[in-house]
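Asks: Shown below is the structure under consideration.
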Amino acid sequence: MKAAPKKILVIRSSAMGDVAMTAPVLAQVAAAYPEVEIILLTRRFYEPFFDGIDRLTIHNINIDQGQAHRGIKGLVRLYRELRRCCPGVEMVIDLQDKIYSKLLRKFYRLAGVKTFHIDKGRVEKKHLTAVPGKGKVMRQLRTSIDRYADVFREAGFELGTVPAALSFYRRERTVPAGLGFSKAVGEVWIGIAPFAQHQGKVYPLEKMQEVMRMAGERWASARMFIFGGGEEERRLAELAVAEDVSGRAVSVVGRFGLREEMDLMANLDLMVSMDSSAMHMASLVGVPVVSVWGATHPYAGFLGLGQAMEDAVGLELDCRPCSVYGHKVCWRGDYACMNDLAPEAVFERMVRRLG
């Protein structure tokens, strides 16, 4: 671009996995344009995703759409706070394109600031998730990471292909002290992230426990760490640990902050995850992921950074995918995409990856 803006505002506050996928693009922009200051409007909880990116600031306003920034009045308040705390913004990059971000960028545009926003490919995704025989088109769509980069390209930033790995995340990361032990020589550490926000993306826990049983038999030195969040997931994880016959399963649900979880993930040899934030967190720290897909599909563009399509496990059903985000109720009523997926299929991919 002829003259890069000195300060840009980037908007992306949800969902967790989507926020994580902005990191490689922002890292590329920061490296290519060191003179540009990047202000990121997101939740402060997500700050660890952006460790090591120079000239990037997580805005000190913790966006709160539930209370302080709710509704039109709340968004006007947020806009005024942004203008007061971050003067001199010359460009707005909206990677969210939801009602609140549309209004924010309209406020900026009325003030003479250039704005650009993501094309989410809603029409393409509608065809991808259509009912069989009613316009369904199965093809790989542009990834979310590439769509993020496209916004910057439209804004005039010259970016090449987004790297499949982020070097500053690959540094040695110490196991959290609260874990109580470190990785012994010859041990295989496997992450298990069996939970997701929506039922269409959750593999039945009893099937994942069978996967864990087979892994314990295959790799005698294996330790398996169960990841998740919230009280119910903590309860289920502890139940799975209690029933693990190997005695080498550990629940880390609720034990660590986000940065410490990423430190632990960086020491894994493999992550087994749903189409969820755990897949993207493991991807950021360069860990291979065997991902399990039910109602959703990698074709929608949400496969983790640098992950291989052959490591994505899912049944070949003509109804898949029925949803981009997995939130729709199964129109068949049986969630066959998850309930009929054999644990052996997941375990086979683990063996292929770990040997």
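A note on labels: chains of the structure tokens are A, B, ... as shown, every chain counts residues from 1, and ligands are counted from 1 in their shown order.
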Please tabulate, as a tab-separated table, the residues of segment 12-49 of chain A that come within 8 Å of segment 95-99 of chain A, each with its closest pair of atoms and the distance in Å to one decimal, counting only C-alpha atoms and ordering rows by chain, then residue number upward.

Replies:
residue	atom	partner	partner_atom	distance
A:Arg12	CA	A:Gln96	CA	5.2
A:Ser13	CA	A:Gln96	CA	7.4
A:Ser14	CA	A:Gln96	CA	7.7

Asks: Name the residues in contact with Leu315 of chain A at a cut-off of 10 Å, using only C-alpha atoms, excluding same-chain residues fewer than 4 positions from it; report them as a list in words.

Replies: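 Those residues are Val292, Trp293, Gly294, Ala295, Arg320, Ala336, Cys337, Met338, Asp340, Leu341, Ala342 and Ala345 of chain A.
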
Asks: With all heavy atoms retained, could you export that selection as a tab-separated table (two decimals), in the first residue's frame?

Replies:
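Below you can see out.tsv, which holds the result:
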chain	number	residue	atom	x	y	z
A	292	VAL	N	-12.43	-34.15	15.54
A	292	VAL	CA	-13.64	-34.95	15.36
A	292	VAL	C	-14.78	-34.02	14.96
A	292	VAL	O	-15.08	-33.05	15.66
A	292	VAL	CB	-13.99	-35.71	16.65
A	292	VAL	CG1	-15.22	-36.58	16.44
A	292	VAL	CG2	-12.81	-36.57	17.10
A	293	TRP	N	-15.43	-34.34	13.82
A	293	TRP	CA	-16.44	-33.45	13.25
A	293	TRP	C	-17.78	-34.20	13.12
A	293	TRP	O	-17.82	-35.32	12.61
A	293	TRP	CB	-16.00	-32.96	11.87
A	293	TRP	CG	-14.69	-32.23	11.90
A	293	TRP	CD1	-13.45	-32.77	12.08
A	293	TRP	CD2	-14.50	-30.82	11.77
A	293	TRP	NE1	-12.49	-31.79	12.07
A	293	TRP	CE2	-13.11	-30.58	11.87
A	293	TRP	CE3	-15.35	-29.74	11.55
A	293	TRP	CZ2	-12.56	-29.31	11.78
A	293	TRP	CZ3	-14.82	-28.47	11.45
A	293	TRP	CH2	-13.44	-28.26	11.57
A	294	GLY	N	-18.84	-33.55	13.58
A	294	GLY	CA	-20.17	-34.13	13.49
A	294	GLY	C	-21.05	-33.33	12.56
A	294	GLY	O	-21.01	-33.48	11.34
A	295	ALA	N	-21.85	-32.43	13.12
A	295	ALA	CA	-22.78	-31.63	12.32
A	295	ALA	C	-22.04	-30.62	11.44
A	295	ALA	O	-22.56	-30.16	10.42
A	295	ALA	CB	-23.76	-30.90	13.22
A	320	ARG	N	-24.41	-34.23	6.12
A	320	ARG	CA	-23.31	-33.43	6.67
A	320	ARG	C	-22.71	-32.52	5.60
A	320	ARG	O	-22.56	-32.96	4.45
A	320	ARG	CB	-22.18	-34.32	7.19
A	320	ARG	CG	-22.44	-35.02	8.48
A	320	ARG	CD	-21.16	-35.68	9.01
A	320	ARG	NE	-20.16	-34.69	9.34
A	320	ARG	CZ	-18.91	-34.71	8.88
A	320	ARG	NH1	-18.49	-35.67	8.06
A	320	ARG	NH2	-18.04	-33.78	9.23
A	336	ALA	N	-26.68	-38.94	14.21
A	336	ALA	CA	-25.89	-40.08	13.73
A	336	ALA	C	-24.45	-39.70	13.43
A	336	ALA	O	-23.54	-40.53	13.56
A	336	ALA	CB	-26.55	-40.68	12.49
A	337	CYS	N	-24.23	-38.45	13.04
A	337	CYS	CA	-22.88	-38.02	12.68
A	337	CYS	C	-21.89	-38.20	13.83
A	337	CYS	O	-20.71	-38.45	13.60
A	337	CYS	CB	-22.90	-36.56	12.23
A	337	CYS	SG	-23.63	-35.43	13.42
A	338	MET	N	-22.38	-38.13	15.06
A	338	MET	CA	-21.54	-38.35	16.22
A	338	MET	C	-21.81	-39.71	16.86
A	338	MET	O	-20.88	-40.45	17.18
A	338	MET	CB	-21.75	-37.25	17.27
A	338	MET	CG	-21.04	-35.95	16.95
A	338	MET	SD	-19.24	-36.14	16.84
A	338	MET	CE	-18.71	-34.43	16.97
A	340	ASP	N	-22.88	-42.48	15.66
A	340	ASP	CA	-22.49	-43.66	14.87
A	340	ASP	C	-21.01	-43.67	14.50
A	340	ASP	O	-20.56	-44.58	13.81
A	340	ASP	CB	-23.34	-43.74	13.59
A	340	ASP	CG	-24.80	-44.04	13.87
A	340	ASP	OD1	-25.12	-44.34	15.04
A	340	ASP	OD2	-25.62	-43.95	12.94
A	341	LEU	N	-20.27	-42.67	14.93
A	341	LEU	CA	-18.84	-42.62	14.63
A	341	LEU	C	-18.10	-43.53	15.60
A	341	LEU	O	-18.12	-43.31	16.82
A	341	LEU	CB	-18.33	-41.18	14.75
A	341	LEU	CG	-16.84	-40.95	14.46
A	341	LEU	CD1	-16.50	-41.33	13.03
A	341	LEU	CD2	-16.46	-39.48	14.73
A	342	ALA	N	-17.45	-44.56	15.07
A	342	ALA	CA	-16.80	-45.57	15.91
A	342	ALA	C	-15.53	-45.02	16.56
A	342	ALA	O	-14.75	-44.30	15.92
A	342	ALA	CB	-16.44	-46.79	15.07
A	345	ALA	N	-12.29	-45.37	14.65
A	345	ALA	CA	-11.95	-44.42	13.59
A	345	ALA	C	-11.09	-43.29	14.13
A	345	ALA	O	-10.14	-42.84	13.48
A	345	ALA	CB	-13.22	-43.87	12.95

Asks: Give me the residues within 12 Å of Trp331 of chain A as a PyMOL selection string, counting only C-alpha atoms and dropping any in the same chain fewer than 3 places off.

Replies: chain A and resi 130-132+200+295+319-323+327-328+334-337

Asks: Per DSSP on the backbone, what are the alpha helix (DSSP H) residues of segment 117-251 of chain A, as a tab-separated table (two decimals) with all heavy atoms, in the first residue's frame?

Replies:
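Writing done, so here's out-v2.tsv:
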chain	number	residue	atom	x	y	z
A	122	ARG	N	-21.64	-16.09	3.41
A	122	ARG	CA	-22.88	-16.66	3.95
A	122	ARG	C	-23.66	-17.46	2.91
A	122	ARG	O	-24.26	-18.49	3.23
A	122	ARG	CB	-23.75	-15.54	4.53
A	122	ARG	CG	-23.18	-14.93	5.83
A	122	ARG	CD	-24.14	-13.91	6.43
A	122	ARG	NE	-23.70	-13.45	7.74
A	122	ARG	CZ	-22.98	-12.37	7.95
A	122	ARG	NH1	-22.63	-11.62	6.92
A	122	ARG	NH2	-22.61	-12.01	9.17
A	123	VAL	N	-23.67	-16.99	1.66
A	123	VAL	CA	-24.40	-17.71	0.60
A	123	VAL	C	-23.76	-19.06	0.34
A	123	VAL	O	-24.45	-20.09	0.25
A	123	VAL	CB	-24.46	-16.87	-0.69
A	123	VAL	CG1	-25.10	-17.68	-1.82
A	123	VAL	CG2	-25.25	-15.59	-0.46
A	124	GLU	N	-22.44	-19.08	0.23
A	124	GLU	CA	-21.73	-20.35	0.02
A	124	GLU	C	-21.99	-21.33	1.16
A	124	GLU	O	-22.20	-22.53	0.94
A	124	GLU	CB	-20.22	-20.10	-0.05
A	124	GLU	CG	-19.76	-19.16	-1.13
A	124	GLU	CD	-18.28	-18.86	-0.97
A	124	GLU	OE1	-17.93	-18.10	-0.04
A	124	GLU	OE2	-17.48	-19.40	-1.74
A	125	LYS	N	-21.96	-20.82	2.38
A	125	LYS	CA	-22.17	-21.68	3.54
A	125	LYS	C	-23.60	-22.18	3.62
A	125	LYS	O	-23.86	-23.29	4.10
A	125	LYS	CB	-21.77	-20.93	4.82
A	125	LYS	CG	-20.26	-20.70	4.92
A	125	LYS	CD	-19.88	-19.83	6.10
A	125	LYS	CE	-18.37	-19.62	6.15
A	125	LYS	NZ	-17.95	-18.69	7.23
A	126	LYS	N	-24.54	-21.38	3.13
A	126	LYS	CA	-25.93	-21.82	3.08
A	126	LYS	C	-26.07	-23.01	2.15
A	126	LYS	O	-26.78	-23.98	2.44
A	126	LYS	CB	-26.83	-20.67	2.63
A	126	LYS	CG	-28.31	-21.00	2.66
A	126	LYS	CD	-29.16	-19.79	2.29
A	126	LYS	CE	-30.64	-20.15	2.33
A	126	LYS	NZ	-31.49	-18.97	1.98
A	127	HIS	N	-25.38	-22.97	1.01
A	127	HIS	CA	-25.40	-24.11	0.08
A	127	HIS	C	-24.71	-25.33	0.67
A	127	HIS	O	-25.16	-26.47	0.49
A	127	HIS	CB	-24.74	-23.72	-1.24
A	127	HIS	CG	-25.53	-22.74	-2.06
A	127	HIS	ND1	-26.85	-22.92	-2.36
A	127	HIS	CD2	-25.17	-21.56	-2.64
A	127	HIS	CE1	-27.30	-21.91	-3.09
A	127	HIS	NE2	-26.29	-21.06	-3.27
A	128	LEU	N	-23.60	-25.10	1.38
A	128	LEU	CA	-22.85	-26.20	1.97
A	128	LEU	C	-23.68	-26.95	3.00
A	128	LEU	O	-23.59	-28.18	3.11
A	128	LEU	CB	-21.57	-25.65	2.61
A	128	LEU	CG	-20.65	-26.66	3.31
A	128	LEU	CD1	-20.05	-27.63	2.30
A	128	LEU	CD2	-19.55	-25.94	4.08
A	144	SER	N	-11.41	-19.37	7.34
A	144	SER	CA	-11.63	-18.14	8.11
A	144	SER	C	-10.36	-17.31	8.18
A	144	SER	O	-10.40	-16.08	8.09
A	144	SER	CB	-12.11	-18.48	9.52
A	144	SER	OG	-13.40	-19.03	9.49
A	145	ILE	N	-9.22	-17.98	8.33
A	145	ILE	CA	-7.95	-17.25	8.39
A	145	ILE	C	-7.70	-16.50	7.09
A	145	ILE	O	-7.30	-15.33	7.09
A	145	ILE	CB	-6.80	-18.24	8.70
A	145	ILE	CG1	-6.95	-18.77	10.13
A	145	ILE	CG2	-5.45	-17.56	8.52
A	145	ILE	CD1	-5.96	-19.86	10.49
A	146	ASP	N	-7.98	-17.14	5.96
A	146	ASP	CA	-7.82	-16.46	4.68
A	146	ASP	C	-8.82	-15.32	4.52
A	146	ASP	O	-8.50	-14.28	3.94
A	146	ASP	CB	-7.96	-17.45	3.52
A	146	ASP	CG	-6.76	-18.37	3.39
A	146	ASP	OD1	-5.65	-17.94	3.75
A	146	ASP	OD2	-6.92	-19.51	2.93
A	147	ARG	N	-10.03	-15.52	5.03
A	147	ARG	CA	-11.04	-14.45	4.95
A	147	ARG	C	-10.60	-13.24	5.77
A	147	ARG	O	-10.82	-12.09	5.38
A	147	ARG	CB	-12.40	-14.95	5.43
A	147	ARG	CG	-13.06	-15.96	4.49
A	147	ARG	CD	-14.46	-16.33	4.96
A	147	ARG	NE	-14.99	-17.45	4.21
A	147	ARG	CZ	-15.63	-17.34	3.04
A	147	ARG	NH1	-15.79	-16.15	2.50
A	147	ARG	NH2	-16.11	-18.40	2.43
A	148	TYR	N	-9.98	-13.48	6.92
A	148	TYR	CA	-9.45	-12.38	7.72
A	148	TYR	C	-8.38	-11.62	6.94
A	148	TYR	O	-8.36	-10.39	6.90
A	148	TYR	CB	-8.86	-12.89	9.03
A	148	TYR	CG	-9.85	-13.49	10.00
A	148	TYR	CD1	-9.46	-14.47	10.91
A	148	TYR	CD2	-11.18	-13.08	10.03
A	148	TYR	CE1	-10.36	-15.03	11.82
A	148	TYR	CE2	-12.09	-13.63	10.93
A	148	TYR	CZ	-11.66	-14.61	11.82
A	148	TYR	OH	-12.56	-15.15	12.71
A	149	ALA	N	-7.48	-12.39	6.34
A	149	ALA	CA	-6.40	-11.76	5.57
A	149	ALA	C	-6.95	-10.98	4.39
A	149	ALA	O	-6.41	-9.92	4.03
A	149	ALA	CB	-5.42	-12.83	5.10
A	150	ASP	N	-8.03	-11.47	3.79
A	150	ASP	CA	-8.64	-10.79	2.64
A	150	ASP	C	-9.09	-9.37	3.00
A	150	ASP	O	-9.03	-8.47	2.16
A	150	ASP	CB	-9.84	-11.58	2.12
A	150	ASP	CG	-9.44	-12.86	1.39
A	150	ASP	OD1	-8.25	-12.97	1.00
A	150	ASP	OD2	-10.30	-13.74	1.22
A	151	VAL	N	-9.57	-9.18	4.23
A	151	VAL	CA	-10.03	-7.85	4.65
A	151	VAL	C	-8.85	-6.88	4.63
A	151	VAL	O	-8.96	-5.75	4.16
A	151	VAL	CB	-10.68	-7.89	6.05
A	151	VAL	CG1	-11.27	-6.53	6.39
A	151	VAL	CG2	-11.76	-8.95	6.11
A	152	PHE	N	-7.72	-7.33	5.16
A	152	PHE	CA	-6.53	-6.46	5.17
A	152	PHE	C	-6.06	-6.20	3.73
A	152	PHE	O	-5.63	-5.08	3.42
A	152	PHE	CB	-5.42	-7.11	5.99
A	152	PHE	CG	-5.64	-7.03	7.47
A	152	PHE	CD1	-6.27	-8.06	8.15
A	152	PHE	CD2	-5.23	-5.92	8.19
A	152	PHE	CE1	-6.49	-7.99	9.52
A	152	PHE	CE2	-5.44	-5.82	9.56
A	152	PHE	CZ	-6.08	-6.87	10.23
A	153	ARG	N	-6.14	-7.21	2.88
A	153	ARG	CA	-5.74	-7.00	1.48
A	153	ARG	C	-6.64	-5.97	0.81
A	153	ARG	O	-6.17	-5.11	0.07
A	153	ARG	CB	-5.78	-8.33	0.73
A	153	ARG	CG	-4.77	-9.36	1.22
A	153	ARG	CD	-4.78	-10.62	0.38
A	153	ARG	NE	-3.86	-11.62	0.91
A	153	ARG	CZ	-4.23	-12.76	1.49
A	153	ARG	NH1	-5.53	-13.06	1.58
A	153	ARG	NH2	-3.35	-13.60	1.96
A	154	GLU	N	-7.94	-6.07	1.07
A	154	GLU	CA	-8.88	-5.09	0.51
A	154	GLU	C	-8.55	-3.69	1.00
A	154	GLU	O	-8.73	-2.70	0.28
A	154	GLU	CB	-10.31	-5.46	0.88
A	154	GLU	CG	-11.36	-4.53	0.30
A	154	GLU	CD	-12.77	-4.81	0.81
A	154	GLU	OE1	-12.94	-5.76	1.60
A	154	GLU	OE2	-13.69	-4.06	0.44
A	205	LEU	N	-19.31	-38.91	25.40
A	205	LEU	CA	-18.20	-39.09	26.32
A	205	LEU	C	-17.82	-40.55	26.48
A	205	LEU	O	-16.63	-40.89	26.57
A	205	LEU	CB	-18.54	-38.49	27.69
A	205	LEU	CG	-17.40	-38.47	28.72
A	205	LEU	CD1	-16.20	-37.71	28.20
A	205	LEU	CD2	-17.88	-37.87	30.04
A	206	GLU	N	-18.80	-41.46	26.48
A	206	GLU	CA	-18.48	-42.88	26.63
A	206	GLU	C	-17.66	-43.39	25.44
A	206	GLU	O	-16.81	-44.28	25.60
A	206	GLU	CB	-19.75	-43.72	26.81
A	206	GLU	CG	-20.71	-43.72	25.64
A	206	GLU	CD	-21.71	-42.58	25.68
A	206	GLU	OE1	-21.48	-41.62	26.46
A	206	GLU	OE2	-22.71	-42.64	24.94
A	207	LYS	N	-17.88	-42.82	24.27
A	207	LYS	CA	-17.08	-43.20	23.10
A	207	LYS	C	-15.66	-42.64	23.21
A	207	LYS	O	-14.68	-43.31	22.85
A	207	LYS	CB	-17.76	-42.74	21.82
A	207	LYS	CG	-19.05	-43.49	21.49
A	207	LYS	CD	-19.67	-42.99	20.19
A	207	LYS	CE	-20.93	-43.78	19.84
A	207	LYS	NZ	-20.63	-45.16	19.43
A	208	MET	N	-15.56	-41.40	23.72
A	208	MET	CA	-14.23	-40.84	23.90
A	208	MET	C	-13.47	-41.60	24.98
A	208	MET	O	-12.24	-41.76	24.89
A	208	MET	CB	-14.33	-39.36	24.25
A	208	MET	CG	-12.98	-38.65	24.30
A	208	MET	SD	-12.05	-38.75	22.73
A	208	MET	CE	-12.85	-37.41	21.83
A	209	GLN	N	-14.17	-42.07	25.99
A	209	GLN	CA	-13.51	-42.89	27.01
A	209	GLN	C	-12.97	-44.18	26.40
A	209	GLN	O	-11.91	-44.68	26.80
A	209	GLN	CB	-14.49	-43.20	28.14
A	209	GLN	CG	-14.79	-42.01	29.03
A	209	GLN	CD	-15.82	-42.33	30.10
A	209	GLN	OE1	-17.02	-42.26	29.86
A	209	GLN	NE2	-15.35	-42.71	31.28
A	210	GLU	N	-13.67	-44.73	25.42
A	210	GLU	CA	-13.17	-45.92	24.74
A	210	GLU	C	-11.91	-45.60	23.94
A	210	GLU	O	-10.97	-46.39	23.88
A	210	GLU	CB	-14.26	-46.48	23.82
A	210	GLU	CG	-13.88	-47.72	23.03
A	210	GLU	CD	-13.60	-48.94	23.89
A	210	GLU	OE1	-13.91	-48.92	25.11
A	210	GLU	OE2	-13.04	-49.92	23.36
A	211	VAL	N	-11.89	-44.42	23.32
A	211	VAL	CA	-10.69	-43.97	22.63
A	211	VAL	C	-9.52	-43.87	23.61
A	211	VAL	O	-8.40	-44.33	23.32
A	211	VAL	CB	-10.93	-42.60	21.95
A	211	VAL	CG1	-9.62	-42.04	21.38
A	211	VAL	CG2	-11.98	-42.70	20.86
A	212	MET	N	-9.77	-43.31	24.78
A	212	MET	CA	-8.75	-43.19	25.80
A	212	MET	C	-8.26	-44.57	26.26
A	212	MET	O	-7.06	-44.77	26.48
A	212	MET	CB	-9.27	-42.40	26.99
A	212	MET	CG	-9.55	-40.93	26.68
A	212	MET	SD	-10.44	-40.08	28.02
A	212	MET	CE	-9.28	-40.24	29.37
A	213	ARG	N	-9.19	-45.52	26.39
A	213	ARG	CA	-8.80	-46.87	26.80
A	213	ARG	C	-7.85	-47.49	25.78
A	213	ARG	O	-6.82	-48.07	26.14
A	213	ARG	CB	-10.05	-47.75	26.96
A	213	ARG	CG	-9.74	-49.17	27.47
A	213	ARG	CD	-10.91	-50.10	27.30
A	213	ARG	NE	-11.26	-50.30	25.90
A	213	ARG	CZ	-10.59	-51.11	25.07
A	213	ARG	NH1	-9.51	-51.78	25.51
A	213	ARG	NH2	-10.96	-51.24	23.82
A	214	MET	N	-8.18	-47.37	24.50
A	214	MET	CA	-7.33	-47.93	23.44
A	214	MET	C	-5.98	-47.25	23.41
A	214	MET	O	-4.94	-47.90	23.21
A	214	MET	CB	-8.04	-47.82	22.09
A	214	MET	CG	-9.24	-48.76	21.95
A	214	MET	SD	-9.96	-48.79	20.28
A	214	MET	CE	-10.83	-47.23	20.27
A	215	ALA	N	-5.97	-45.93	23.64
A	215	ALA	CA	-4.70	-45.21	23.65
A	215	ALA	C	-3.83	-45.65	24.82
A	215	ALA	O	-2.61	-45.82	24.68
A	215	ALA	CB	-4.96	-43.70	23.73
A	216	GLY	N	-4.45	-45.89	25.98
A	216	GLY	CA	-3.71	-46.35	27.15
A	216	GLY	C	-3.09	-47.72	26.93
A	216	GLY	O	-2.01	-48.01	27.44
A	217	GLU	N	-3.78	-48.57	26.16
A	217	GLU	CA	-3.24	-49.89	25.87
A	217	GLU	C	-2.14	-49.82	24.83
A	217	GLU	O	-1.16	-50.58	24.88
A	217	GLU	CB	-4.36	-50.81	25.38
A	217	GLU	CG	-5.37	-51.17	26.46
A	217	GLU	CD	-6.46	-52.10	25.93
A	217	GLU	OE1	-6.50	-52.33	24.70
A	217	GLU	OE2	-7.28	-52.57	26.75
A	218	ARG	N	-2.28	-48.92	23.88
A	218	ARG	CA	-1.30	-48.81	22.79
A	218	ARG	C	0.00	-48.18	23.28
A	218	ARG	O	1.09	-48.64	22.94
A	218	ARG	CB	-1.90	-47.97	21.66
A	218	ARG	CG	-0.93	-47.58	20.56
A	218	ARG	CD	-0.71	-48.69	19.56
A	218	ARG	NE	0.29	-48.33	18.57
A	218	ARG	CZ	0.34	-48.84	17.35
A	218	ARG	NH1	-0.55	-49.73	16.98
A	218	ARG	NH2	1.28	-48.47	16.51
A	231	GLU	N	-18.47	-25.83	35.12
A	231	GLU	CA	-18.67	-26.81	36.17
A	231	GLU	C	-19.15	-28.17	35.65
A	231	GLU	O	-18.72	-29.21	36.13
A	231	GLU	CB	-19.66	-26.27	37.20
A	231	GLU	CG	-19.08	-25.21	38.12
A	231	GLU	CD	-17.83	-25.70	38.84
A	231	GLU	OE1	-17.84	-26.83	39.39
A	231	GLU	OE2	-16.82	-24.97	38.85
A	232	GLU	N	-20.06	-28.17	34.69
A	232	GLU	CA	-20.56	-29.45	34.18
A	232	GLU	C	-19.47	-30.23	33.47
A	232	GLU	O	-19.34	-31.45	33.63
A	232	GLU	CB	-21.75	-29.21	33.24
A	232	GLU	CG	-22.35	-30.47	32.62
A	232	GLU	CD	-22.89	-31.46	33.64
A	232	GLU	OE1	-23.05	-31.10	34.83
A	232	GLU	OE2	-23.16	-32.62	33.26
A	233	GLU	N	-18.65	-29.54	32.68
A	233	GLU	CA	-17.55	-30.21	31.99
A	233	GLU	C	-16.50	-30.68	33.00
A	233	GLU	O	-15.89	-31.74	32.80
A	233	GLU	CB	-16.95	-29.28	30.94
A	233	GLU	CG	-17.91	-29.03	29.78
A	233	GLU	CD	-17.32	-28.16	28.68
A	233	GLU	OE1	-16.11	-27.83	28.75
A	233	GLU	OE2	-18.07	-27.80	27.76
A	234	ARG	N	-16.30	-29.92	34.05
A	234	ARG	CA	-15.38	-30.37	35.10
A	234	ARG	C	-15.89	-31.68	35.73
A	234	ARG	O	-15.12	-32.61	35.94
A	234	ARG	CB	-15.24	-29.30	36.18
A	234	ARG	CG	-14.22	-29.66	37.28
A	234	ARG	CD	-14.56	-28.97	38.59
A	234	ARG	NE	-14.48	-27.54	38.48
A	234	ARG	CZ	-13.44	-26.79	38.88
A	234	ARG	NH1	-12.40	-27.38	39.44
A	234	ARG	NH2	-13.46	-25.48	38.76
A	235	ARG	N	-17.19	-31.73	36.00
A	235	ARG	CA	-17.78	-32.93	36.60
A	235	ARG	C	-17.62	-34.14	35.67
A	235	ARG	O	-17.23	-35.23	36.11
A	235	ARG	CB	-19.26	-32.70	36.90
A	235	ARG	CG	-19.95	-33.85	37.62
A	235	ARG	CD	-21.44	-33.62	37.74
A	235	ARG	NE	-22.10	-33.71	36.45
A	235	ARG	CZ	-22.44	-34.86	35.86
A	235	ARG	NH1	-22.15	-36.02	36.44
A	235	ARG	NH2	-23.05	-34.87	34.69
A	236	LEU	N	-17.91	-33.95	34.40
A	236	LEU	CA	-17.80	-35.05	33.44
A	236	LEU	C	-16.35	-35.49	33.26
A	236	LEU	O	-16.07	-36.68	33.13
A	236	LEU	CB	-18.40	-34.63	32.10
A	236	LEU	CG	-19.92	-34.41	32.09
A	236	LEU	CD1	-20.36	-33.81	30.75
A	236	LEU	CD2	-20.66	-35.73	32.34
A	237	ALA	N	-15.44	-34.52	33.25
A	237	ALA	CA	-14.02	-34.86	33.11
A	237	ALA	C	-13.53	-35.67	34.30
A	237	ALA	O	-12.79	-36.66	34.15
A	237	ALA	CB	-13.20	-33.59	32.94
A	238	GLU	N	-13.93	-35.28	35.50
A	238	GLU	CA	-13.53	-36.02	36.70
A	238	GLU	C	-14.12	-37.42	36.70
A	238	GLU	O	-13.48	-38.38	37.16
A	238	GLU	CB	-13.94	-35.24	37.94
A	238	GLU	CG	-13.13	-33.96	38.14
A	238	GLU	CD	-13.63	-33.11	39.29
A	238	GLU	OE1	-14.70	-33.46	39.87
A	238	GLU	OE2	-12.96	-32.10	39.63
A	239	LEU	N	-15.33	-37.57	36.17
A	239	LEU	CA	-15.94	-38.89	36.04
A	239	LEU	C	-15.13	-39.76	35.08
A	239	LEU	O	-14.87	-40.95	35.36
A	239	LEU	CB	-17.38	-38.76	35.54
A	239	LEU	CG	-18.16	-40.06	35.31
A	239	LEU	CD1	-18.35	-40.82	36.62
A	239	LEU	CD2	-19.51	-39.76	34.66
A	240	ALA	N	-14.71	-39.18	33.96
A	240	ALA	CA	-13.91	-39.92	32.99
A	240	ALA	C	-12.58	-40.35	33.59
A	240	ALA	O	-12.09	-41.46	33.34
A	240	ALA	CB	-13.69	-39.08	31.74
A	241	VAL	N	-11.97	-39.47	34.39
A	241	VAL	CA	-10.70	-39.81	35.04
A	241	VAL	C	-10.90	-40.96	36.02
A	241	VAL	O	-10.09	-41.90	36.08
A	241	VAL	CB	-10.12	-38.57	35.76
A	241	VAL	CG1	-8.97	-38.98	36.69
A	241	VAL	CG2	-9.65	-37.54	34.75
A	242	ALA	N	-11.98	-40.91	36.79
A	242	ALA	CA	-12.25	-41.96	37.78
A	242	ALA	C	-12.46	-43.31	37.13
A	242	ALA	O	-12.12	-44.36	37.70
A	242	ALA	CB	-13.48	-41.57	38.61
A	243	GLU	N	-12.98	-43.31	35.90
A	243	GLU	CA	-13.28	-44.56	35.21
A	243	GLU	C	-12.15	-45.01	34.28
A	243	GLU	O	-12.25	-46.06	33.65
A	243	GLU	CB	-14.58	-44.42	34.42
A	243	GLU	CG	-15.81	-44.19	35.30
A	243	GLU	CD	-17.08	-44.01	34.49
A	243	GLU	OE1	-16.99	-43.90	33.25
A	243	GLU	OE2	-18.17	-43.97	35.10

Asks: Neighbours of Gly88 of chain A within 12 Å (only C-alpha atoms; same-chain residues fewer than 3 positions away dropped), as a PyMOL selection string?

Replies: chain A and resi 5-9+36-39+82-85+91-92+108+111-113

Asks: I'd like the contact shell of segment 195-199 of chain A - 8 Å cut-off, only C-alpha atoms, skipping same-chain residues fewer than 5 positions apart - returned as a PyMOL selection string.

Replies: chain A and resi 228+233+273-276+325-327

Asks: Which is closest to Ser246 of chain A among A:Ala222, A:Leu317, A:Ala155, A:Ile11, if we use only C-alpha atoms?

Replies: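 Once distances to Ser246 of chain A are computed over only C-alpha atoms, the minimum belongs to A:Ala222.
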
Asks: How many Å lie between atom CA of Met265 of chain A and atom CA of Arg223 of chain A, rounded to one decimal?

Replies: 12.6 Å

Asks: When you count only C-alpha atoms, which of these residues is closest to Arg77 of chain A: A:Gly156, A:Glu310, A:Ala193, A:Leu104?

Replies: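 For Arg77 of chain A, the nearest of the candidates is A:Leu104.
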
Asks: Find, counting only C-alpha atoms, the residue in A:Ile53, A:Lys114, A:Cys330, A:Ile192 that gets nearest to Val250 of chain A.

Replies: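 The shortest atom-to-atom distance to Val250 of chain A comes from A:Ile192.
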
Asks: What is the distance, in Å and to one decimal place, between atom CA of Arg248 of chain A and atom CA of Phe181 of chain A?

Replies: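 Taking atom CA of Arg248 of chain A and atom CA of Phe181 of chain A, their separation equals 12.5 Å.
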
Asks: Using DSSP on the backbone coordinates, identify the residues of segment 109-229 of chain A assigned to strand (DSSP E or B); present them as a VMD selection string.

Replies: chain A and resid 114 to 117 188 to 193 222 to 226

Asks: Neighbours of Ala27 of chain A within 8 Å (only C-alpha atoms; same-chain residues fewer than 3 positions away dropped), as a list in words?

Replies: Ala23, Pro24, Ala30, Ala31, Ile53 and Asp54 of chain A

Asks: Quick one, how far is atom CA of Leu78 of chain A from atom CA of His117 of chain A?

Replies: 18.8 Å

Asks: When distances are computed from only C-alpha atoms, which of A:Val25, A:Val245, A:Leu141, A:Ile226 shows the smallest separation from Gly301 of chain A?

Replies: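 Nearest to Gly301 of chain A: A:Leu141.
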